[in-house]
Amino acid sequence: MSRVLLAIFLILFTTPRAFTLSSEEFAKPPRLVVVLVIDQFRSDYLTRFEKKFLPAGTAKNPGGFRFLMKESAYFPFAEYDSFQNMTCPGHATIATGSRPVHFGFSTNAWYDDQTQKTSDCTEDSVYGQSPHFLRTTTFGDELRLISPLSKVFSVALKARAAIMLGGHRANLALWLKDGQITTSDFYQKGKVPDWVTRLNEELKKQTNTSEADLVGSVRDTQLTFRMATKILETERLGRGADPDVLLISLSSHDLLGHARGPNHRDMMDLTLAEDKALAQFLKFLTKHMDGLSGVTIAVTGDHGIPPAEEELRSTGPAAGDLDMNSILAQANRKLDEKFGAPGKSPWILAAEGFHIHLNHPLMHAKKISPADVENEIRQVLLRSEGVADVFTRSDAEARRFPPGFLGEQVKNSYVADKDGDVLIIPRPFISAKGPHVVNHITGYSYDRSVPLLIFGPHIKPGVYSGAKVIDLAPTLSFMLRTIPPATCEGKVRQEIFK
Ligand SMILES: [Zn+2]
C-alpha cells in the first residue's frame with residue numbers, strides 16, 4: 001500500500017467518530033443522576049484553585065473537584081444568556097433547559113401590580129411555597145411522567161433552590177428554615193421523613209444554626225451533603241429498576257460571596273472545604289452504587305458575582321450602586337412637571353432592583369399614554385452615568401430590543417406580567433442598592449459564567465467550550481431517554497459522548 005493510501009486509510013478508520021453512543025449503550029440509561037449546583041459558583045473558582053484541590057483519585061476512591069474535572073466533560077466557561085442572573089431563575093434554567101421568558105420569571109422576587117406587594121418566586125397562596133410560578137416542566141418532571149417509579153429528590157439551604165430544581169413532580173424538596181430542615185404542603189402534604197425529624201432534633205441542640213451564622217462556614221455544605229446521603233440511603237436512590245434523580249444545591253457559597261466578594265481569601269477557604277465535602281460525598285456515592293459506572297453527575301453554578309467594589313476603584317471602570325432613591329425622586333418630579341400632580345399615589349409605584357413599576361390606574365384615569373411616561377423616565381435615567389440603556393414595556397410590545405448581546409438577553413428574560421414597565425440596563429459593575437456588599441443582578445460575564453461538568457458512563461472526558469447552561473437539562477433528558485422539558489431551548493451536547 002502506498003503511503004498516501006495508508007494515510008487515507010488511517011484518517012478514515014482511526015479518526016474518532018463524532019457521536020458514537022451505540023444503540024445498546026443508549027438503551028441503558030444511568031441508574032442515578034446527581035446534579036450538584038453551587039450557588040454563586042463563578043467559572044474561575046475551579047480554574048483558580050485547581051492546584052489546591054485534593055488529588056483526582058480514582059473511580060474507586062475519588063477526590064473532589066479534580067476528580068470530576070479530570071473524568072468529566074468539563075466546560076470551564078459555560079454561560080447563561082439571561083439579562084439578570086440570580087438564584088431562582090438560575091436553578092430554573094438548570095432544571096428546565098429554558099429561559100426566563102418561557103419558564104415565567106426573571107428575578108428572585110418581583111413587584112406584583114395586583115397585590116401591590118413583592119412576590120417571591122416560590123410563593124404559593126395554597127401551599128405556602130411551591131414551583132407555582134414555574135410555567136414549564138423540568139427534566140425530572142419529564143422522567144416522572146413516563147417513569148412513575150423513578151424518584152426525584154432535591155435539597156438545599158435555600159427554598160428557591162430546592163423548589164426550582166425539584167420542579168412540579170419531585171417526591172420531596174427539602175430546605176432550611178430557622179435552622180430546621182423543612183418542606184411545604186406541596187410535597188407529601190408537608191410530611192417529612194423520620195430521619196429529618198431526628199436530624200432536626202440534633203440541629204435544635206446546636207447553637208448558631210441561623211442563616212447568618214452559616215455565612216462563611218462549611219457547616220451548611222456538610223449539612224446539605226448529609227441530607228443528600230440520608231436520602232440516597234433511605235430512599236435507596238439508584239438501586240431500583242428505574243433511574244432516579246438527586247438534586248443538591250450548596251447555598252452558603254452565595255451567602256459568603258455577597259458578604260466578601262469573589263476574591264476574598266475566605267472564598268478560597270470555603271471552596272477548598274467544599275472540595276473536601278464533595279470528595280466525601282463521592283466516596284459515599286461510590287459505595288452506595290458499587291462504583292460509579294451507573295451514575296451521571298453534573299456540577300454547575302446558578303450565577304456568578306462581580307468583584308467587590310473596592311477592587312475596581314483604583315484601576316477598573318466605574319463601579320458602585322445606582323442611587324435609585326434619588327433617580328426615582330427626579331423621575332417623579334419630572335412626571336409631575338410634565339403631566340401634573342398625580343394626587344394620592346405617585347406616578348411610580350415601586351422599584352424592585354432595576355425594574356420600575358408605573359401607576360397604571362393613574363395613567364388610565366388621566367388618559368396619559370404609558371409610552372409617554374416611560375419616555376420621560378428614560379430621559380432621566382439616561383442622564384445617569386451608571387445606566388447603559390433603558391428598555392420599556394412599549395419597547396417589548398413593539399419588539400424593539402437594545403443592540404447586541406444585551407438585547408438578546410432582554411429578549412430571553414423579559415416577562416411581561418412580572419417585570420417592570422421600565423427596565424434599567426446598568427453599565428458593567430454597576431449594581432442597585434440592596435442588603436448585600438456585592439450583588440449579582442446583571443447579564444455581564446462575571447454574573448453569567450459558570451463551570452459545567454458532566455460525568456457519566458458514556459462521557460468522553462476532556463475540556464470543552466461553547467456550552468450554555470440551558471444545554472444541561474436536554475443532555476440529561478437524552479441520557480434518561482425522555483423528551484426534554486416543555487420549553488427547553490438547549491441542545492444535547494453530543495460531542496461529549498464517547
Ligand atoms: Zn446571591
# chains A, B, ... in the order shown; residues from 1 in each chain; ligands from 1
>>> residues_near_ligand(ligand="ligand 1", cutoff="9 Å", atoms="only C-alpha atoms and all ligand atoms", output="list in words")
Asp39, Gln40, Asn85, Met86, Thr87, Ser251, His253, Asp254, Leu255, Gly257, His258, His303, Gly304, Ile305, His436, Val438, Asn439, His440 and Ile441 of chain A
>>> residues_around(residues="region 316-322 of chain A", least_positions_apart="2", cutoff="10 Å", atoms="only C-alpha atoms", output="MDAnalysis selection string")
chainID A and resid 306:314 324:327 353:354 384:387 426:434 438:439
>>> residues_around(residues="Val422 (chain A)", least_positions_apart="2", cutoff="10 Å", atoms="only C-alpha atoms", output="NGL selection string")
:A and (351 or 354-358 or 371 or 373-375 or 377-378 or 381 or 390-395 or 419-420 or 424-425)
>>> closest_residue(among="A:Gln222, A:Thr182, A:Ser445, A:Asn359", to="Gln129 (chain A)", atoms="only C-alpha atoms")
A:Thr182
>>> closest_residue(among="A:Thr197, A:Val34, A:Leu176, A:Glu274", to="Ala228 (chain A)", atoms="only C-alpha atoms")
A:Val34
>>> closest_residue(among="A:Ala59, A:Ala78, A:Met267, A:Ala170", to="Leu452 (chain A)", atoms="only C-alpha atoms")
A:Ala78
>>> atom_distance(atom1="CA of Ser150 (chain A)", atom2="CA of Asn61 (chain A)")
27.7 Å
>>> closest_residue(among="A:Pro148, A:Gly64, A:Gly97, A:Gly179", to="Phe281 (chain A)", atoms="only C-alpha atoms")
A:Gly64
>>> atom_distance(atom1="CA of Ser98 (chain A)", atom2="CA of Pro485 (chain A)")
8.1 Å
>>> atom_distance(atom1="CA of Val380 (chain A)", atom2="CA of Ala331 (chain A)")
6.1 Å
>>> residues_around(residues="region 161-168 of chain A", least_positions_apart="4", cutoff="8 Å", atoms="only C-alpha atoms", output="list in words")
Thr87, Cys88, His91, Ala92, Ile94, Ala95, Thr122, Ser130, Pro131, Leu134, Thr137, Thr138, Gly140, Asp141, Val152, Phe153, Ser154, Val155, Ala156, Leu157, Leu172, Ala173, Leu174, Trp175, Leu247, Ile248 and Ser249 of chain A
>>> write_last_selection(atoms="N, CA and C atoms", output="CSV table (one decimal), in the first residue's frame")
chain,number,residue,atom,x,y,z
A,87,THR,N,-30.4,33.4,41.9
A,87,THR,CA,-30.7,32.0,42.3
A,87,THR,C,-31.9,31.4,41.7
A,88,CYS,N,-33.0,32.1,41.8
A,88,CYS,CA,-34.3,31.4,41.4
A,88,CYS,C,-34.3,31.1,39.8
A,91,HIS,N,-31.5,28.4,39.0
A,91,HIS,CA,-31.9,27.0,39.2
A,91,HIS,C,-33.0,26.5,38.2
A,92,ALA,N,-33.9,27.4,37.9
A,92,ALA,CA,-35.0,27.0,37.0
A,92,ALA,C,-34.4,26.8,35.6
A,94,ILE,N,-31.3,25.6,35.0
A,94,ILE,CA,-30.6,24.4,35.1
A,94,ILE,C,-31.6,23.2,34.9
A,95,ALA,N,-32.7,23.3,35.6
A,95,ALA,CA,-33.7,22.1,35.6
A,95,ALA,C,-34.5,22.1,34.4
A,122,THR,N,-41.1,31.6,44.9
A,122,THR,CA,-41.7,30.3,45.4
A,122,THR,C,-43.0,30.4,46.1
A,130,SER,N,-44.1,26.7,46.6
A,130,SER,CA,-44.2,25.6,45.6
A,130,SER,C,-43.6,26.2,44.3
A,131,PRO,N,-43.5,25.3,43.2
A,131,PRO,CA,-43.0,25.8,41.9
A,131,PRO,C,-44.2,26.4,41.1
A,134,LEU,N,-43.4,28.4,38.1
A,134,LEU,CA,-42.7,27.7,37.0
A,134,LEU,C,-43.6,27.2,36.0
A,137,THR,N,-42.0,22.3,32.5
A,137,THR,CA,-41.5,21.1,33.2
A,137,THR,C,-40.0,21.1,33.4
A,138,THR,N,-39.5,20.4,34.4
A,138,THR,CA,-38.1,20.1,34.5
A,138,THR,C,-37.7,18.8,33.9
A,140,GLY,N,-36.5,16.3,35.5
A,140,GLY,CA,-37.0,15.4,36.4
A,140,GLY,C,-38.5,15.1,36.3
A,141,ASP,N,-39.3,16.2,36.0
A,141,ASP,CA,-40.7,16.1,35.8
A,141,ASP,C,-41.0,15.2,34.6
A,152,VAL,N,-37.5,11.5,42.4
A,152,VAL,CA,-36.7,12.8,42.2
A,152,VAL,C,-36.8,13.5,43.6
A,153,PHE,N,-35.6,13.8,44.1
A,153,PHE,CA,-35.5,14.5,45.4
A,153,PHE,C,-34.5,15.7,45.3
A,154,SER,N,-34.8,16.8,46.0
A,154,SER,CA,-33.9,17.9,45.9
A,154,SER,C,-33.7,18.5,47.4
A,155,VAL,N,-32.4,18.9,47.6
A,155,VAL,CA,-32.1,19.5,48.9
A,155,VAL,C,-31.2,20.8,48.7
A,156,ALA,N,-31.4,21.7,49.6
A,156,ALA,CA,-30.6,23.0,49.6
A,156,ALA,C,-30.9,23.7,50.9
A,157,LEU,N,-30.1,24.7,51.2
A,157,LEU,CA,-30.4,25.5,52.3
A,157,LEU,C,-31.5,26.5,51.9
A,172,LEU,N,-39.9,14.9,47.0
A,172,LEU,CA,-39.7,15.8,48.1
A,172,LEU,C,-38.6,16.8,47.8
A,173,ALA,N,-38.9,18.0,48.2
A,173,ALA,CA,-37.8,19.0,48.2
A,173,ALA,C,-37.6,19.5,49.6
A,174,LEU,N,-36.4,19.6,50.1
A,174,LEU,CA,-36.1,19.9,51.5
A,174,LEU,C,-35.2,21.2,51.5
A,175,TRP,N,-35.4,22.1,52.4
A,175,TRP,CA,-34.6,23.2,52.6
A,175,TRP,C,-34.5,23.6,54.1
A,247,LEU,N,-31.0,16.1,43.3
A,247,LEU,CA,-30.6,17.4,43.0
A,247,LEU,C,-30.1,18.1,44.3
A,248,ILE,N,-28.9,18.7,44.3
A,248,ILE,CA,-28.4,19.3,45.5
A,248,ILE,C,-27.9,20.7,45.2
A,249,SER,N,-28.2,21.6,46.0
A,249,SER,CA,-27.6,23.0,45.8
A,249,SER,C,-27.0,23.5,47.1
>>> closest_residue(among="A:Tyr414, A:Asp220, A:Glu352, A:Ile231", to="Ala109 (chain A)", atoms="only C-alpha atoms")
A:Glu352
>>> residues_around(residues="Asp275 (chain A)", least_positions_apart="3", cutoff="12 Å", atoms="only C-alpha atoms", output="VMD selection string")
chain A and resid 38 45 to 46 49 to 56 62 to 69 218 221 to 222 225 250 268 to 272 278 to 282
>>> write_last_selection(atoms="C-alpha atoms", output="short mmCIF file (atom, residue, chain, number, x, y, z; two decimals), in the first residue's frame")
data_model
loop_
_atom_site.label_atom_id
_atom_site.label_comp_id
_atom_site.auth_asym_id
_atom_site.auth_seq_id
_atom_site.Cartn_x
_atom_site.Cartn_y
_atom_site.Cartn_z
CA ILE A 38 -23.09 25.55 43.87
CA TYR A 45 -13.42 29.11 41.26
CA LEU A 46 -12.36 25.86 39.59
CA PHE A 49 -7.97 26.87 42.95
CA GLU A 50 -7.35 23.76 40.87
CA LYS A 51 -3.85 23.16 42.23
CA LYS A 52 -5.08 23.41 45.81
CA PHE A 53 -7.84 20.82 45.44
CA LEU A 54 -7.47 17.23 46.60
CA PRO A 55 -5.79 14.84 44.12
CA ALA A 56 -8.14 13.47 41.47
CA PRO A 62 -12.46 9.61 44.04
CA GLY A 63 -11.19 13.02 45.13
CA GLY A 64 -13.38 16.13 44.86
CA PHE A 65 -13.50 18.74 42.10
CA ARG A 66 -10.28 17.49 40.49
CA PHE A 67 -11.72 14.01 40.05
CA LEU A 68 -14.70 15.46 38.21
CA MET A 69 -12.56 17.94 36.24
CA VAL A 218 -18.72 24.86 55.77
CA THR A 221 -22.29 22.40 52.91
CA GLN A 222 -21.76 19.44 55.22
CA PHE A 225 -24.47 16.67 51.77
CA LEU A 250 -24.98 24.36 48.18
CA MET A 268 -10.90 30.21 48.65
CA ASP A 269 -11.10 28.54 52.05
CA LEU A 270 -14.77 27.76 51.59
CA THR A 271 -14.20 26.38 48.08
CA LEU A 272 -11.44 24.12 49.42
CA LEU A 278 -17.57 16.76 47.71
CA ALA A 279 -14.84 14.11 47.88
CA GLN A 280 -16.51 12.60 50.92
CA PHE A 281 -19.86 12.59 49.15
CA LEU A 282 -18.38 10.99 46.02
#
>>> select_by_dssp(residues="region 446-495 of chain A", states="strand (DSSP E)", output="ChimeraX atom specification")
/A:449-455,462-463
>>> write_last_selection(atoms="N, CA and C atoms", output="compact mmCIF listing (two decimals), in the first residue's frame")
# COMPACT_ATOMS: atom_id res chain seq x y z
N SER A 449 -21.04 33.60 33.84
CA SER A 449 -20.13 32.47 33.54
C SER A 449 -20.04 31.51 34.70
N VAL A 450 -20.31 30.27 34.43
CA VAL A 450 -20.20 29.22 35.45
C VAL A 450 -19.57 27.98 34.82
N PRO A 451 -18.96 27.11 35.63
CA PRO A 451 -18.47 25.86 35.06
C PRO A 451 -19.63 24.89 34.85
N LEU A 452 -19.44 23.97 33.93
CA LEU A 452 -20.42 22.90 33.76
C LEU A 452 -19.63 21.61 33.56
N LEU A 453 -19.84 20.65 34.44
CA LEU A 453 -19.16 19.35 34.32
C LEU A 453 -20.21 18.26 34.20
N ILE A 454 -20.00 17.36 33.25
CA ILE A 454 -20.91 16.22 33.11
C ILE A 454 -20.07 14.94 33.11
N PHE A 455 -20.31 14.14 34.14
CA PHE A 455 -19.58 12.89 34.32
C PHE A 455 -20.55 11.74 34.09
N GLY A 462 -12.74 15.44 29.04
CA GLY A 462 -11.95 16.43 28.33
C GLY A 462 -12.49 17.82 28.59
N VAL A 463 -11.73 18.82 28.13
CA VAL A 463 -12.16 20.20 28.30
C VAL A 463 -12.84 20.66 27.02
>>> residues_around(residues="Ser184 (chain A)", least_positions_apart="5", cutoff="7 Å", atoms="only C-alpha atoms", output="PDB file with N, CA and C atoms, in the first residue's frame")
ATOM      1  N   TYR A 127     -50.236  26.443  49.043  1.00  0.00           N
ATOM      2  CA  TYR A 127     -49.290  25.583  49.777  1.00  0.00           C
ATOM      3  C   TYR A 127     -48.221  26.352  50.555  1.00  0.00           C
ATOM      4  N   GLY A 128     -48.247  27.659  50.473  1.00  0.00           N
ATOM      5  CA  GLY A 128     -47.168  28.426  51.111  1.00  0.00           C
ATOM      6  C   GLY A 128     -46.002  28.617  50.165  1.00  0.00           C
ATOM      7  N   GLN A 129     -45.370  27.502  49.816  1.00  0.00           N
ATOM      8  CA  GLN A 129     -44.276  27.573  48.838  1.00  0.00           C
ATOM      9  C   GLN A 129     -44.355  26.404  47.870  1.00  0.00           C
ATOM     10  N   GLY A 190     -46.513  18.116  53.229  1.00  0.00           N
ATOM     11  CA  GLY A 190     -45.610  18.737  54.210  1.00  0.00           C
ATOM     12  C   GLY A 190     -44.984  17.766  55.197  1.00  0.00           C
TER      13      GLY A 190
END
>>> select_by_dssp(residues="region 248-444 of chain A", states="alpha helix (DSSP H)", output="ChimeraX atom specification")
/A:252-260,265-288,309-313,324-339,360-365,370-382,393-397,404-413
>>> closest_residue(among="A:Val126, A:Leu476, A:Val192, A:Leu232", to="Leu143 (chain A)", atoms="only C-alpha atoms")
A:Leu476
>>> decode(residues="region 136-257 of chain A", atoms="C-alpha atoms", output="JSON list (two decimals), in the first residue's frame")
[["chain", "number", "residue", "atom", "x", "y", "z"],
["A", 136, "THR", "CA", -42.86, 24.52, 32.34],
["A", 137, "THR", "CA", -41.52, 21.09, 33.24],
["A", 138, "THR", "CA", -38.07, 20.14, 34.50],
["A", 139, "PHE", "CA", -36.08, 17.16, 33.20],
["A", 140, "GLY", "CA", -37.03, 15.38, 36.44],
["A", 141, "ASP", "CA", -40.72, 16.09, 35.80],
["A", 142, "GLU", "CA", -40.43, 14.56, 32.33],
["A", 143, "LEU", "CA", -38.76, 11.47, 33.78],
["A", 144, "ARG", "CA", -41.50, 11.04, 36.41],
["A", 145, "LEU", "CA", -44.20, 11.46, 33.73],
["A", 146, "ILE", "CA", -43.06, 8.42, 31.80],
["A", 147, "SER", "CA", -41.44, 6.51, 34.65],
["A", 148, "PRO", "CA", -43.64, 6.91, 37.74],
["A", 149, "LEU", "CA", -41.44, 4.63, 39.85],
["A", 150, "SER", "CA", -38.44, 6.88, 39.29],
["A", 151, "LYS", "CA", -37.80, 9.15, 42.25],
["A", 152, "VAL", "CA", -36.75, 12.80, 42.25],
["A", 153, "PHE", "CA", -35.46, 14.50, 45.42],
["A", 154, "SER", "CA", -33.91, 17.92, 45.94],
["A", 155, "VAL", "CA", -32.06, 19.51, 48.87],
["A", 156, "ALA", "CA", -30.64, 22.97, 49.56],
["A", 157, "LEU", "CA", -30.39, 25.53, 52.29],
["A", 158, "LYS", "CA", -32.46, 27.93, 50.17],
["A", 159, "ALA", "CA", -36.11, 27.09, 49.43],
["A", 160, "ARG", "CA", -35.97, 28.63, 45.96],
["A", 161, "ALA", "CA", -33.03, 26.41, 45.01],
["A", 162, "ALA", "CA", -34.63, 23.17, 46.24],
["A", 163, "ILE", "CA", -38.05, 24.01, 44.79],
["A", 164, "MET", "CA", -36.93, 25.04, 41.30],
["A", 165, "LEU", "CA", -34.59, 22.04, 41.00],
["A", 166, "GLY", "CA", -37.33, 19.71, 42.24],
["A", 167, "GLY", "CA", -39.91, 21.01, 39.78],
["A", 168, "HIS", "CA", -43.58, 20.00, 39.84],
["A", 169, "ARG", "CA", -43.15, 16.31, 40.45],
["A", 170, "ALA", "CA", -40.35, 15.92, 42.96],
["A", 171, "ASN", "CA", -41.12, 13.31, 45.61],
["A", 172, "LEU", "CA", -39.73, 15.76, 48.11],
["A", 173, "ALA", "CA", -37.83, 19.04, 48.21],
["A", 174, "LEU", "CA", -36.09, 19.94, 51.47],
["A", 175, "TRP", "CA", -34.58, 23.22, 52.63],
["A", 176, "LEU", "CA", -33.61, 25.01, 55.80],
["A", 177, "LYS", "CA", -35.79, 27.48, 57.68],
["A", 178, "ASP", "CA", -34.81, 28.94, 61.04],
["A", 179, "GLY", "CA", -32.14, 26.29, 61.43],
["A", 180, "GLN", "CA", -34.57, 23.42, 60.82],
["A", 181, "ILE", "CA", -34.97, 21.23, 57.75],
["A", 182, "THR", "CA", -38.40, 21.78, 56.28],
["A", 183, "THR", "CA", -40.61, 21.37, 53.22],
["A", 184, "SER", "CA", -44.04, 22.69, 52.21],
["A", 185, "ASP", "CA", -47.51, 21.15, 51.97],
["A", 186, "PHE", "CA", -46.97, 20.92, 48.21],
["A", 187, "TYR", "CA", -44.75, 17.88, 48.82],
["A", 188, "GLN", "CA", -46.27, 14.87, 50.59],
["A", 189, "LYS", "CA", -48.62, 17.24, 52.46],
["A", 190, "GLY", "CA", -45.61, 18.74, 54.21],
["A", 191, "LYS", "CA", -44.74, 15.49, 55.95],
["A", 192, "VAL", "CA", -41.01, 14.95, 56.35],
["A", 193, "PRO", "CA", -39.36, 11.52, 56.71],
["A", 194, "ASP", "CA", -38.36, 10.29, 60.19],
["A", 195, "TRP", "CA", -34.68, 10.91, 59.55],
["A", 196, "VAL", "CA", -35.46, 14.62, 59.03],
["A", 197, "THR", "CA", -37.30, 14.78, 62.37],
["A", 198, "ARG", "CA", -34.34, 13.12, 64.10],
["A", 199, "LEU", "CA", -31.82, 15.36, 62.37],
["A", 200, "ASN", "CA", -33.89, 18.42, 63.32],
["A", 201, "GLU", "CA", -33.75, 17.35, 66.98],
["A", 202, "GLU", "CA", -29.99, 17.22, 66.64],
["A", 203, "LEU", "CA", -29.91, 20.64, 64.96],
["A", 204, "LYS", "CA", -32.05, 22.14, 67.74],
["A", 205, "LYS", "CA", -29.36, 21.26, 70.25],
["A", 206, "GLN", "CA", -26.73, 23.05, 68.21],
["A", 207, "THR", "CA", -26.32, 26.75, 68.60],
["A", 208, "ASN", "CA", -25.68, 29.20, 65.78],
["A", 209, "THR", "CA", -27.65, 27.48, 63.06],
["A", 210, "SER", "CA", -29.35, 30.58, 61.68],
["A", 211, "GLU", "CA", -28.63, 31.52, 58.11],
["A", 212, "ALA", "CA", -26.43, 34.40, 59.26],
["A", 213, "ASP", "CA", -24.29, 32.07, 61.33],
["A", 214, "LEU", "CA", -23.76, 29.78, 58.38],
["A", 215, "VAL", "CA", -22.14, 32.54, 56.30],
["A", 216, "GLY", "CA", -18.59, 31.54, 55.61],
["A", 217, "SER", "CA", -18.91, 28.23, 57.37],
["A", 218, "VAL", "CA", -18.72, 24.86, 55.77],
["A", 219, "ARG", "CA", -21.42, 23.55, 58.10],
["A", 220, "ASP", "CA", -24.17, 24.26, 55.62],
["A", 221, "THR", "CA", -22.29, 22.40, 52.91],
["A", 222, "GLN", "CA", -21.76, 19.44, 55.22],
["A", 223, "LEU", "CA", -25.40, 19.52, 56.34],
["A", 224, "THR", "CA", -26.65, 19.65, 52.74],
["A", 225, "PHE", "CA", -24.47, 16.67, 51.77],
["A", 226, "ARG", "CA", -25.62, 14.88, 54.90],
["A", 227, "MET", "CA", -29.23, 15.36, 53.82],
["A", 228, "ALA", "CA", -28.30, 14.10, 50.35],
["A", 229, "THR", "CA", -26.66, 10.94, 51.67],
["A", 230, "LYS", "CA", -29.63, 10.30, 54.01],
["A", 231, "ILE", "CA", -31.97, 10.46, 51.02],
["A", 232, "LEU", "CA", -29.73, 8.14, 48.98],
["A", 233, "GLU", "CA", -29.77, 5.63, 51.85],
["A", 234, "THR", "CA", -33.37, 5.75, 52.99],
["A", 235, "GLU", "CA", -34.93, 6.04, 49.52],
["A", 236, "ARG", "CA", -32.42, 3.62, 48.02],
["A", 237, "LEU", "CA", -31.93, 6.03, 45.13],
["A", 238, "GLY", "CA", -30.23, 4.46, 42.14],
["A", 239, "ARG", "CA", -30.87, 0.95, 43.44],
["A", 240, "GLY", "CA", -34.27, 0.35, 41.84],
["A", 241, "ALA", "CA", -35.15, -0.77, 38.32],
["A", 242, "ASP", "CA", -35.86, 2.79, 37.15],
["A", 243, "PRO", "CA", -33.48, 5.76, 37.08],
["A", 244, "ASP", "CA", -33.64, 8.22, 39.99],
["A", 245, "VAL", "CA", -32.58, 11.85, 40.31],
["A", 246, "LEU", "CA", -30.98, 13.66, 43.24],
["A", 247, "LEU", "CA", -30.57, 17.43, 43.02],
["A", 248, "ILE", "CA", -28.35, 19.27, 45.50],
["A", 249, "SER", "CA", -27.65, 22.98, 45.84],
["A", 250, "LEU", "CA", -24.98, 24.36, 48.18],
["A", 251, "SER", "CA", -26.21, 27.75, 49.32],
["A", 252, "SER", "CA", -23.56, 29.04, 51.72],
["A", 253, "HIS", "CA", -21.15, 29.78, 48.88],
["A", 254, "ASP", "CA", -23.54, 32.55, 47.81],
["A", 255, "LEU", "CA", -24.05, 33.91, 51.32],
["A", 256, "LEU", "CA", -20.32, 34.33, 51.81],
["A", 257, "GLY", "CA", -19.74, 35.75, 48.33]]
